[in-house]
$ cat work_7.cif   # mmCIF, C-alpha atoms
data_query
#
loop_
_atom_site.label_atom_id
_atom_site.label_comp_id
_atom_site.auth_asym_id
_atom_site.auth_seq_id
_atom_site.Cartn_x
_atom_site.Cartn_y
_atom_site.Cartn_z
CA THR A 1 -3.96 60.06 15.34
CA TRP A 2 -3.09 56.39 15.69
CA ASP A 3 0.29 54.90 14.85
CA ALA A 4 1.97 51.54 15.43
CA PRO A 5 3.58 52.35 18.84
CA ASP A 6 0.26 53.72 20.15
CA ILE A 7 -1.51 50.49 19.13
CA ALA A 8 1.19 48.33 20.71
CA PHE A 9 1.09 50.37 23.89
CA SER A 10 -2.69 50.07 24.20
CA LEU A 11 -2.50 46.29 23.92
CA LEU A 12 0.81 45.40 25.52
CA GLY A 13 2.06 48.40 27.45
CA SER A 14 5.25 48.62 25.35
CA LYS A 15 6.28 50.95 22.53
CA ASP A 16 9.88 49.85 22.14
CA ASP A 17 9.87 46.33 20.67
CA PRO A 18 9.60 46.32 16.83
CA ALA A 19 8.73 42.61 16.74
CA THR A 20 5.89 43.16 19.21
CA ILE A 21 4.59 46.11 17.21
CA ASN A 22 4.66 44.02 14.02
CA ASN A 23 2.75 41.16 15.64
CA VAL A 24 0.14 43.51 17.04
CA LEU A 25 -0.37 45.15 13.66
CA HIS A 26 -0.96 41.72 12.10
CA GLN A 27 -3.66 41.14 14.69
CA VAL A 28 -5.32 44.56 14.58
CA ALA A 29 -5.10 45.18 10.82
CA THR A 30 -6.26 41.67 9.92
CA ASP A 31 -4.88 40.32 6.63
CA VAL A 32 -7.72 37.80 6.32
CA ARG A 33 -9.64 40.51 4.49
CA ALA A 34 -7.00 40.79 1.77
CA ASN A 35 -6.70 37.01 1.39
CA SER A 36 -10.49 36.52 1.27
CA ILE A 37 -10.67 37.79 -2.31
CA MET A 38 -8.96 34.54 -3.37
CA SER A 39 -12.07 32.53 -2.45
CA GLY A 40 -13.97 33.96 -5.41
CA VAL A 41 -11.21 33.31 -7.97
CA LEU A 42 -12.02 30.05 -9.78
CA ASN A 43 -10.14 28.92 -12.87
CA PRO A 44 -12.47 27.50 -15.56
CA SER A 45 -9.68 25.28 -16.89
CA ARG A 46 -9.71 23.44 -13.56
CA PHE A 47 -13.38 22.81 -12.92
CA LEU A 48 -15.06 23.23 -16.31
CA PHE A 49 -12.74 22.46 -19.24
CA PRO A 50 -12.31 18.78 -18.35
CA ARG A 51 -16.11 18.66 -18.55
CA ILE A 52 -17.10 20.64 -21.65
CA GLY A 53 -17.01 18.86 -24.97
CA TRP A 54 -18.36 15.65 -23.45
CA GLY A 55 -20.91 14.23 -25.84
CA ASN A 56 -20.08 16.48 -28.77
CA GLY A 57 -18.49 14.00 -31.12
CA GLN A 58 -16.54 10.84 -31.73
CA MET A 59 -13.44 9.61 -33.51
CA GLU A 60 -14.34 8.05 -36.82
CA SER A 61 -10.91 7.10 -38.16
CA GLY A 62 -8.53 4.42 -36.99
CA GLU A 63 -5.59 5.99 -38.80
CA ARG A 64 -2.90 6.66 -36.17
CA GLY A 65 -2.37 10.34 -35.48
CA ARG A 66 -5.61 11.54 -37.09
CA ILE A 67 -9.01 12.20 -35.57
CA ASP A 68 -12.14 12.98 -37.57
CA TRP A 69 -14.44 14.96 -35.30
CA ASN A 70 -18.07 14.48 -36.32
CA ILE A 71 -21.11 14.93 -34.14
CA ASN A 72 -23.85 13.51 -36.32
CA ARG A 73 -22.28 10.45 -37.96
CA GLU A 74 -22.84 6.98 -36.60
CA ARG A 75 -19.89 5.35 -34.87
CA SER A 76 -17.37 3.42 -36.91
CA VAL A 77 -17.68 -0.36 -36.80
CA MET A 78 -13.88 -0.72 -36.90
CA ASN A 79 -13.48 1.66 -33.93
CA GLN A 80 -16.50 0.83 -31.82
CA PHE A 81 -14.68 1.80 -28.62
CA SER A 82 -12.91 4.88 -29.99
CA GLN A 83 -14.56 7.89 -28.38
CA PHE A 84 -14.08 11.62 -28.43
CA ARG A 85 -14.39 12.92 -24.85
CA GLY A 86 -16.11 9.70 -23.89
CA GLN A 87 -19.13 9.42 -26.20
CA VAL A 88 -20.17 6.55 -28.47
CA PRO A 89 -23.32 7.90 -30.20
CA GLN A 90 -26.06 5.39 -30.94
CA ARG A 91 -28.31 8.01 -32.56
CA LEU A 92 -28.33 11.66 -33.52
CA ARG A 93 -28.00 13.65 -30.30
CA LYS A 94 -28.80 17.29 -29.83
CA GLY A 95 -26.81 17.91 -26.66
CA SER A 96 -26.60 17.09 -22.97
CA LEU A 97 -27.49 18.23 -19.47
CA TRP A 98 -25.13 17.79 -16.55
CA PHE A 99 -24.70 18.49 -12.84
CA ASP A 100 -21.43 18.58 -10.87
CA TYR A 101 -20.43 18.96 -7.24
CA ILE A 102 -17.22 20.99 -7.01
CA GLY A 103 -14.80 21.62 -4.16
CA HIS A 104 -11.80 23.93 -4.30
CA SER A 105 -9.24 25.12 -1.73
CA ILE A 106 -6.06 27.23 -1.52
CA SER A 107 -3.72 27.20 1.46
CA SER A 108 -0.55 29.19 2.14
CA PRO A 109 1.87 29.52 5.04
CA SER A 110 2.92 32.95 6.27
CA ASP A 111 5.14 34.72 3.73
CA GLY A 112 6.48 37.32 6.19
CA ASN A 113 3.93 39.96 5.22
CA SER A 114 0.72 37.97 5.64
CA GLY A 115 -0.22 35.33 8.13
CA ALA A 116 -0.99 31.76 7.07
CA TYR A 117 -4.45 31.22 5.64
CA ARG A 118 -6.73 28.68 3.98
CA THR A 119 -9.65 29.47 1.68
CA TYR A 120 -12.16 26.93 0.40
CA ILE A 121 -15.44 26.72 -1.51
CA ASN A 122 -17.98 23.90 -1.99
CA GLY A 123 -20.86 24.08 -4.39
CA GLY A 124 -22.70 22.81 -7.43
CA LEU A 125 -22.76 23.47 -11.20
CA LEU A 126 -25.70 22.94 -13.54
CA GLY A 127 -24.98 23.00 -17.25
CA GLY A 128 -26.59 22.46 -20.61
CA GLU A 129 -24.85 21.89 -23.94
CA TRP A 130 -26.29 22.08 -27.47
CA ASN A 131 -24.72 21.02 -30.75
CA LEU A 132 -24.59 23.92 -33.22
CA THR A 133 -23.02 22.17 -36.22
CA GLN A 134 -21.21 18.95 -36.89
CA HIS A 135 -18.08 20.54 -35.46
CA SER A 136 -19.21 22.95 -32.73
CA ALA A 137 -21.32 23.23 -29.58
CA PHE A 138 -22.50 25.93 -27.22
CA GLY A 139 -23.14 25.69 -23.48
CA LEU A 140 -24.54 27.53 -20.48
CA VAL A 141 -23.53 26.93 -16.87
CA MET A 142 -24.70 28.36 -13.57
CA GLY A 143 -23.66 27.57 -10.04
CA TYR A 144 -23.56 28.38 -6.35
CA GLY A 145 -20.74 28.00 -3.87
CA ASN A 146 -20.40 28.47 -0.14
CA GLY A 147 -16.97 28.95 1.40
CA ALA A 148 -14.72 30.77 3.83
CA THR A 149 -11.22 32.12 4.34
CA ASN A 150 -9.61 31.35 7.71
CA SER A 151 -6.53 32.95 9.23
CA GLY A 152 -6.03 32.25 12.92
CA ASP A 153 -9.28 33.14 14.65
CA ASP A 154 -10.30 35.59 11.92
CA LYS A 155 -12.71 34.40 9.24
CA VAL A 156 -14.45 35.69 6.11
CA ARG A 157 -17.52 33.72 5.02
CA MET A 158 -18.63 33.86 1.40
CA ASN A 159 -21.62 33.02 -0.80
CA ASP A 160 -20.78 32.88 -4.50
CA TYR A 161 -23.34 32.98 -7.34
CA PHE A 162 -21.96 32.61 -10.85
CA MET A 163 -22.88 31.83 -14.44
CA GLY A 164 -21.06 31.56 -17.73
CA ILE A 165 -21.18 30.63 -21.39
CA TYR A 166 -18.79 28.36 -23.25
CA PHE A 167 -18.05 27.27 -26.78
CA VAL A 168 -16.24 24.20 -28.11
CA ALA A 169 -15.31 23.51 -31.71
CA SER A 170 -13.04 21.39 -33.90
CA PRO A 171 -11.12 23.67 -36.32
CA PHE A 172 -10.03 21.86 -39.49
CA ASN A 173 -11.55 18.69 -38.04
CA GLN A 174 -8.26 17.96 -36.21
CA TYR A 175 -8.02 20.42 -33.30
CA GLU A 176 -10.18 21.16 -30.30
CA PHE A 177 -10.83 24.75 -29.24
CA LYS A 178 -12.61 25.75 -26.00
CA ALA A 179 -13.59 29.17 -24.69
CA TYR A 180 -15.35 30.29 -21.52
CA VAL A 181 -16.49 33.65 -20.12
CA GLY A 182 -18.10 33.78 -16.69
CA LEU A 183 -19.44 36.33 -14.21
CA GLY A 184 -19.71 35.85 -10.45
CA ARG A 185 -21.27 37.77 -7.60
CA GLN A 186 -20.08 37.28 -4.01
CA GLU A 187 -21.38 38.14 -0.54
CA TYR A 188 -18.70 38.44 2.18
CA THR A 189 -19.03 38.59 5.97
CA MET A 190 -15.83 39.15 7.97
CA PHE A 191 -15.31 38.31 11.65
CA HIS A 192 -12.30 39.90 13.34
CA THR A 193 -11.04 39.19 16.88
CA ILE A 194 -8.71 41.46 18.88
CA TYR A 195 -6.80 39.90 21.78
CA ASN A 196 -5.20 41.47 24.82
CA SER A 197 -1.86 39.67 24.67
CA THR A 198 -1.06 40.41 28.32
CA LEU A 199 -3.70 37.88 29.45
CA LYS A 200 -2.31 34.39 29.03
CA ASP A 201 -3.00 30.93 30.41
CA SER A 202 -0.46 30.31 33.19
CA ASN A 203 0.05 26.69 32.13
CA THR A 204 0.07 26.83 28.33
CA GLY A 205 1.03 30.45 27.71
CA GLN A 206 -1.83 30.75 25.23
CA VAL A 207 -3.42 34.19 24.92
CA ILE A 208 -6.92 34.04 26.43
CA GLY A 209 -7.87 37.67 26.76
CA ILE A 210 -10.31 38.78 24.05
CA LEU A 211 -10.35 42.54 23.84
CA ASP A 212 -12.99 42.99 21.15
CA ARG A 213 -14.84 41.30 18.29
CA TYR A 214 -15.84 43.05 15.06
CA TYR A 215 -17.63 42.15 11.86
CA GLY A 216 -18.25 43.67 8.44
CA ARG A 217 -20.19 42.90 5.27
CA THR A 218 -19.48 43.66 1.63
CA ASP A 219 -20.08 42.38 -1.91
CA GLY A 220 -17.74 41.32 -4.69
CA THR A 221 -17.67 40.64 -8.42
CA THR A 222 -15.50 38.27 -10.46
CA ILE A 223 -14.91 37.79 -14.18
CA ASN A 224 -13.17 34.62 -15.33
CA THR A 225 -12.09 33.90 -18.90
CA SER A 226 -10.27 30.93 -20.34
CA TYR A 227 -9.24 29.78 -23.83
CA GLU A 228 -7.68 26.46 -24.78
CA LEU A 229 -6.42 24.82 -27.97
CA SER A 230 -5.42 21.16 -28.17
CA ARG A 231 -4.40 18.70 -30.86
CA PRO A 232 -5.81 15.22 -30.18
CA VAL A 233 -3.46 12.52 -31.43
CA MET A 234 -4.65 8.92 -31.54
CA ILE A 235 -1.71 6.76 -30.44
CA THR A 236 -3.81 3.59 -30.60
CA ASP A 237 -7.53 2.96 -31.03
CA ARG A 238 -7.91 3.30 -27.26
CA PHE A 239 -5.27 5.84 -26.24
CA ILE A 240 -5.20 9.56 -27.04
CA LEU A 241 -2.69 12.32 -26.28
CA ARG A 242 -3.72 15.98 -26.39
CA PRO A 243 -0.87 18.54 -26.35
CA THR A 244 -2.58 21.69 -25.04
CA VAL A 245 -1.97 25.42 -24.66
CA GLY A 246 -4.31 27.70 -22.73
CA ILE A 247 -4.69 31.28 -21.49
CA ASP A 248 -6.60 32.08 -18.28
CA SER A 249 -7.48 35.45 -16.74
CA GLN A 250 -9.25 36.21 -13.47
CA TYR A 251 -10.50 39.61 -12.33
CA ALA A 252 -11.91 40.14 -8.85
CA TRP A 253 -13.35 43.19 -7.10
CA GLN A 254 -14.43 43.52 -3.47
CA GLY A 255 -16.31 46.54 -2.15
CA GLY A 256 -15.20 48.70 0.75
CA PHE A 257 -16.83 48.52 4.18
CA THR A 258 -16.48 49.69 7.77
CA GLU A 259 -16.34 47.23 10.65
CA GLU A 260 -18.92 47.23 13.43
CA ALA A 261 -18.61 45.90 16.96
CA LEU A 262 -20.39 42.67 17.82
CA SER A 263 -20.84 43.79 21.43
CA THR A 264 -22.87 46.82 22.54
CA THR A 265 -20.28 47.41 25.27
CA SER A 266 -17.35 47.67 22.83
CA ASN A 267 -15.36 50.92 22.85
CA GLY A 268 -14.55 50.42 19.15
CA LEU A 269 -10.92 51.51 19.51
CA TYR A 270 -9.63 49.22 16.73
CA LEU A 271 -12.47 49.40 14.23
CA LEU A 272 -11.21 49.59 10.65
CA SER A 273 -12.62 51.11 7.49
CA PHE A 274 -11.51 49.25 4.33
CA ASP A 275 -11.36 50.65 0.79
CA GLY A 276 -12.45 48.61 -2.18
CA MET A 277 -10.01 45.96 -3.41
CA TYR A 278 -9.06 44.65 -6.87
CA LEU A 279 -7.05 41.59 -7.98
CA ASN A 280 -6.05 40.46 -11.47
CA HIS A 281 -4.21 37.30 -12.45
CA ASN A 282 -3.20 36.10 -15.94
CA MET A 283 -1.67 32.75 -16.76
CA VAL A 284 -0.47 30.67 -19.73
CA ARG A 285 -0.80 26.88 -19.48
CA LEU A 286 1.33 24.41 -21.41
CA GLY A 287 0.90 20.69 -20.99
CA ILE A 288 -0.64 17.46 -22.13
CA ASN A 289 -3.83 15.48 -21.50
CA SER A 290 -3.88 11.73 -21.98
CA GLU A 291 -6.95 9.52 -22.18
CA SER A 292 -7.30 5.75 -22.15
CA ILE A 293 -10.64 4.50 -23.52
CA GLY A 294 -12.56 1.29 -22.97
CA PRO A 295 -16.07 -0.10 -23.49
CA ARG A 296 -17.23 1.00 -20.00
CA GLY A 297 -15.71 4.48 -19.96
CA SER A 298 -12.33 6.21 -19.91
CA LEU A 299 -9.48 7.23 -17.62
CA TRP A 300 -7.43 10.41 -18.05
CA LEU A 301 -4.26 11.97 -16.67
CA ARG A 302 -2.95 15.48 -17.28
CA GLY A 303 0.04 17.62 -16.42
CA PHE A 304 0.57 21.36 -17.01
CA TYR A 305 3.03 24.10 -16.20
CA ASN A 306 1.29 27.39 -15.45
CA PHE A 307 3.22 30.59 -16.23
CA ASN A 308 2.14 33.85 -14.60
CA PHE A 309 2.37 36.67 -17.16
CA GLY A 310 0.88 39.70 -15.47
CA GLY A 311 -1.46 41.04 -12.89
CA HIS A 312 -0.96 41.19 -9.15
CA GLY A 313 1.36 38.90 -7.24
CA TYR A 314 -0.74 39.18 -4.09
CA PRO A 315 -3.94 40.90 -2.92
CA THR A 316 -3.68 44.22 -1.05
CA SER A 317 -6.34 45.85 1.12
CA ARG A 318 -6.10 49.54 2.02
CA ALA A 319 -7.54 50.58 5.39
CA ARG A 320 -7.60 53.20 8.14
CA PHE A 321 -8.75 53.26 11.75
CA VAL A 322 -12.22 54.69 12.24
CA ASN A 323 -10.89 56.77 15.14
CA GLY A 324 -8.46 58.58 12.84
CA GLY A 325 -5.02 58.32 11.27
CA ASP A 326 -3.58 57.80 7.83
CA LYS A 327 -4.46 54.96 5.49
CA PHE A 328 -2.16 51.96 5.30
CA ASP A 329 -1.86 48.78 3.20
CA VAL A 330 -2.66 45.30 4.52
CA ARG A 331 -1.05 42.67 2.30
CA GLY A 332 -2.27 39.20 1.51
CA ALA A 333 0.02 36.23 0.98
CA ASP A 334 2.12 35.83 -2.16
CA ILE A 335 1.44 32.22 -3.12
CA GLY A 336 3.85 32.24 -6.07
CA TRP A 337 1.53 32.03 -9.06
CA ASP A 338 3.74 29.85 -11.28
CA ALA A 339 2.63 26.29 -10.61
CA ILE A 340 2.67 22.67 -11.72
CA ASN A 341 -0.88 21.38 -12.20
CA LEU A 342 -1.57 17.64 -12.06
CA GLY A 343 -4.94 15.96 -12.60
CA ILE A 344 -6.57 12.54 -12.74
CA GLY A 345 -10.12 11.47 -13.50
CA PHE A 346 -12.44 8.94 -15.06
CA HIS A 347 -15.89 8.61 -16.57
CA LEU A 348 -18.20 5.57 -16.56
CA TRP A 349 -21.22 4.86 -18.71
CA LEU A 350 -24.29 4.18 -16.57
CA ASN A 351 -26.39 2.38 -19.17
CA ALA A 352 -26.02 0.27 -22.28
CA GLU A 353 -27.29 3.07 -24.52
CA HIS A 354 -24.39 5.31 -23.42
CA SER A 355 -26.82 8.15 -22.74
CA SER A 356 -25.89 8.67 -19.07
CA SER A 357 -22.48 8.82 -17.41
CA PHE A 358 -20.73 9.43 -14.09
CA ILE A 359 -17.61 11.63 -13.93
CA PHE A 360 -14.89 12.11 -11.29
CA ASP A 361 -11.96 14.52 -11.53
CA TYR A 362 -9.26 15.65 -9.06
CA ASN A 363 -6.46 18.17 -9.61
CA THR A 364 -3.82 19.96 -7.57
CA ASP A 365 -1.49 22.93 -8.01
CA LEU A 366 2.03 22.93 -6.57
CA PHE A 367 3.14 26.58 -6.47
CA ILE A 368 6.74 27.27 -7.47
CA GLY A 369 7.32 30.57 -5.65
CA ASN A 370 5.89 29.41 -2.32
CA SER A 371 6.84 25.84 -1.48
CA GLY A 372 4.23 25.57 1.27
CA ALA A 373 1.30 26.82 -0.82
CA SER A 374 -1.03 24.43 -2.64
CA SER A 375 -4.41 24.28 -4.32
CA HIS A 376 -6.79 21.35 -4.68
CA GLY A 377 -9.92 20.83 -6.78
CA LEU A 378 -12.53 18.04 -6.82
CA ARG A 379 -15.41 17.50 -9.23
CA VAL A 380 -18.00 14.70 -9.15
CA GLY A 381 -20.98 14.70 -11.49
CA VAL A 382 -23.48 13.06 -13.81
CA LEU A 383 -24.40 13.71 -17.45
CA ARG A 384 -27.47 12.89 -19.53
CA HIS A 385 -27.56 13.11 -23.33
CA PHE A 386 -30.73 14.09 -25.15
#

$ encode --input "work_7.cif" --output "structure tokens"
Amino acid sequence: TWDAPDIAFSLLGSKDDPATINNVLHQVATDVRANSIMSGVLNPSRFLFPRIGWGNGQMESGERGRIDWNINRERSVMNQFSQFRGQVPQRLRKGSLWFDYIGHSISSPSDGNSGAYRTYINGGLLGGEWNLTQHSAFGLVMGYGNGATNSGDDKVRMNDYFMGIYFVASPFNQYEFKAYVGLGRQEYTMFHTIYNSTLKDSNTGQVIGILDRYYGRTDGTTINTSYELSRPVMITDRFILRPTVGIDSQYAWQGGFTEEALSTTSNGLYLLSFDGMYLNHNMVRLGINSESIGPRGSLWLRGFYNFNFGGHGYPTSRARFVNGGDKFDVRGADIGWDAINLGIGFHLWLNAEHSSSFIFDYNTDLFIGNSGASSHGLRVGVLRHF
């Protein structure tokens, strides 16, 4: 059977240095696999909720502190620039179609158990939204993303295919409620490099001896849900505050797999077999959205505090060496899920009829439990009313 001193001895010729053994285990039992599950975890409140509800209504009252949410009424002459989520209807509209580019990344330094890593995804969203009543709308969204998780020279590439449904309504004609449920399917390919640490560059000291290269493929599934309730308050005819509370949950599964050698001459000494992996994260959001409205569009700012209230603090991958031995856990990084979320964005009308618009939105998470960890999201898109 294999144990930590045997692995250290095979790579370094020493069984006696605990620090050396720990470093070798980080290299052999790569933690990039555990961290890779984070690439499929997208929060709808970040990339979708600032979008949905666009084009579903307007503010019809100039009375401070009150908003009448009505899809089918013509705009008020007194409040010709007052808009709900950016729309000034010129005629009865049935809904809208939209397309967004999205980019999202998470980075974390080493937390003592996992090495530093960065995961990112870039892709596109296509959505359609239909008005159900004067105070509600229903939408469908589908998308594709391509990304990777990098940790040192190890990498996990990912293709992500996802779709979801959402609903937005105005309870009592004064609140805004949003809900989203989405399903994703991922394809992962992992590349894993083993170095012989005794072979170093004489000038730089950098390890140059590659002992072996492995790869493995598996699939994954994600379920993302999000619910949000806000109370729009008209401070002036052109400025709105929205105190908001939300609940987000992400569930991610990744199938087990066994590594294979990239070279036909490999002896396969360090090949690993990984069990399936599961990650759950639940969060409550409390904060405020603000929106400043003008004749050409609107500008918004938002700030939230995200409270973790359950689930896993970090991903864990269970593995064993193909050549034998007991199973062991390989931990991912603990990014400290509590976070401050800040966002900024704007929308511009593209024509005089206000039937087409351009949207930009950026947001970032500053994690409380891990001062070096951060998350960034970017969304750029267009919308067409019909």

$ resolve_selection --input "work_7.cif" --expression "the PyMOL selection byres ((chain A and resi 100-115) around 7)" --output "PyMOL selection string"
chain A and resi 31+98-99+116-126+151+331-335+372-382

$ resolve_selection --input "work_7.cif" --expression "the PyMOL selection byres ((chain A and resi 162) around 10)" --output "MDAnalysis selection string"
chainID A and resid 40 125 141:145 160:161 163:164 182:186 221:223

$ write_last_selection --input "work_7.cif" --atoms "C-alpha atoms" --output "mmCIF file, keeping the file's coordinate frame"
data_model
loop_
_atom_site.group_PDB
_atom_site.id
_atom_site.type_symbol
_atom_site.label_atom_id
_atom_site.label_comp_id
_atom_site.auth_asym_id
_atom_site.auth_seq_id
_atom_site.Cartn_x
_atom_site.Cartn_y
_atom_site.Cartn_z
ATOM 1 C CA GLY A 40 -13.970 33.960 -5.410
ATOM 2 C CA LEU A 125 -22.760 23.470 -11.200
ATOM 3 C CA VAL A 141 -23.530 26.930 -16.870
ATOM 4 C CA MET A 142 -24.700 28.360 -13.570
ATOM 5 C CA GLY A 143 -23.660 27.570 -10.040
ATOM 6 C CA TYR A 144 -23.560 28.380 -6.350
ATOM 7 C CA GLY A 145 -20.740 28.000 -3.870
ATOM 8 C CA ASP A 160 -20.780 32.880 -4.500
ATOM 9 C CA TYR A 161 -23.340 32.980 -7.340
ATOM 10 C CA MET A 163 -22.880 31.830 -14.440
ATOM 11 C CA GLY A 164 -21.060 31.560 -17.730
ATOM 12 C CA GLY A 182 -18.100 33.780 -16.690
ATOM 13 C CA LEU A 183 -19.440 36.330 -14.210
ATOM 14 C CA GLY A 184 -19.710 35.850 -10.450
ATOM 15 C CA ARG A 185 -21.270 37.770 -7.600
ATOM 16 C CA GLN A 186 -20.080 37.280 -4.010
ATOM 17 C CA THR A 221 -17.670 40.640 -8.420
ATOM 18 C CA THR A 222 -15.500 38.270 -10.460
ATOM 19 C CA ILE A 223 -14.910 37.790 -14.180
#

$ resolve_selection --input "work_7.cif" --expression "the PyMOL selection byres ((chain A and resi 280) around 9)" --output "NGL selection string"
:A and (249-253 or 278-279 or 281-282 or 310-313 or 315)

$ closest_atom_pairs --input "work_7.cif" --of "region 226-286 of chain A" --to "region 316-329 of chain A" --cutoff "9 Å" --atoms "all atoms listed in the file" --output "tab-separated table"
residue	atom	partner	partner_atom	distance
A:Thr258	CA	A:Val322	CA	7.9
A:Glu259	CA	A:Val322	CA	8.7
A:Gly268	CA	A:Asn323	CA	8.4
A:Leu269	CA	A:Asn323	CA	6.8
A:Tyr270	CA	A:Phe321	CA	6.5
A:Leu271	CA	A:Val322	CA	5.7
A:Leu272	CA	A:Phe321	CA	4.6
A:Ser273	CA	A:Arg320	CA	5.5
A:Phe274	CA	A:Ala319	CA	4.3
A:Asp275	CA	A:Arg318	CA	5.5
A:Gly276	CA	A:Ser317	CA	7.5
A:Met277	CA	A:Ser317	CA	5.8
A:Tyr278	CA	A:Thr316	CA	7.9
A:Leu279	CA	A:Thr316	CA	8.1

$ closest_residue --input "work_7.cif" --among "A:Leu348, A:Leu301, A:Met283, A:Ala137" --to "Leu241 (chain A)" --atoms "all atoms listed in the file"
A:Leu301

$ closest_residue --input "work_7.cif" --among "A:Leu262, A:Met190, A:Met234, A:Leu48" --to "Met158 (chain A)" --atoms "only C-alpha atoms"
A:Met190

$ residues_near_point --input "work_7.cif" --point "(-4.9, 15.9, -21.7)" --cutoff "8 Å" --atoms "all atoms listed in the file" --output "list of chain:residue names"
A:Leu241, A:Arg242, A:Pro243, A:Thr244, A:Gly287, A:Ile288, A:Asn289, A:Ser290, A:Glu291, A:Trp300, A:Leu301, A:Arg302, A:Gly303

$ closest_residue --input "work_7.cif" --among "A:Met38, A:Leu97, A:Val181, A:Leu132" --to "Ala148 (chain A)" --atoms "all atoms listed in the file"
A:Met38

$ residues_around --input "work_7.cif" --residues "His347 (chain A)" --least-positions-apart "3" --cutoff "7 Å" --atoms "only C-alpha atoms" --output "list in words"
Gly297, Ser298, Leu299, Ser357, Phe358, Ile359 and Phe360 of chain A

$ closest_residue --input "work_7.cif" --among "A:Thr236, A:Ser355, A:Asn370, A:Gln134" --to "Leu383 (chain A)" --atoms "all atoms listed in the file"
A:Ser355

$ closest_residue --input "work_7.cif" --among "A:Phe307, A:Trp130, A:Tyr214, A:Phe191" --to "Asp248 (chain A)" --atoms "all atoms listed in the file"
A:Phe307

$ atom_distance --input "work_7.cif" --atom1 "CA of Gly220 (chain A)" --atom2 "CA of His192 (chain A)"
18.9 Å

$ residues_around --input "work_7.cif" --residues "region 336-338 of chain A" --least-positions-apart "4" --cutoff "6 Å" --atoms "only C-alpha atoms" --output "JSON, numbers by chain"
{"A": [306, 307, 308, 367, 368, 369, 370]}

$ atom_distance --input "work_7.cif" --atom1 "CA of Phe386 (chain A)" --atom2 "CA of Pro232 (chain A)"
25.4 Å

$ residues_near_point --input "work_7.cif" --point "(-5.1, 19.8, -11.2)" --cutoff "6 Å" --atoms "only C-alpha atoms" --output "list in words"
Asn341, Leu342, Gly343, Asn363, Thr364 and Asp365 of chain A

$ axis_aligned_box --input "work_7.cif" --around "region 181-188 of chain A" --padding-each-side "8 Å" --output "AutoDock Vina command-line options"
--center_x -18.9 --center_y 36.0 --center_z -9.0 --size_x 20.9 --size_y 20.8 --size_z 38.3

$ atom_distance --input "work_7.cif" --atom1 "CA of Ser36 (chain A)" --atom2 "CA of Tyr166 (chain A)"
27.1 Å

$ closest_residue --input "work_7.cif" --among "A:Gly246, A:Gly127, A:Gly95, A:Pro295" --to "Glu176 (chain A)" --atoms "only C-alpha atoms"
A:Gly246
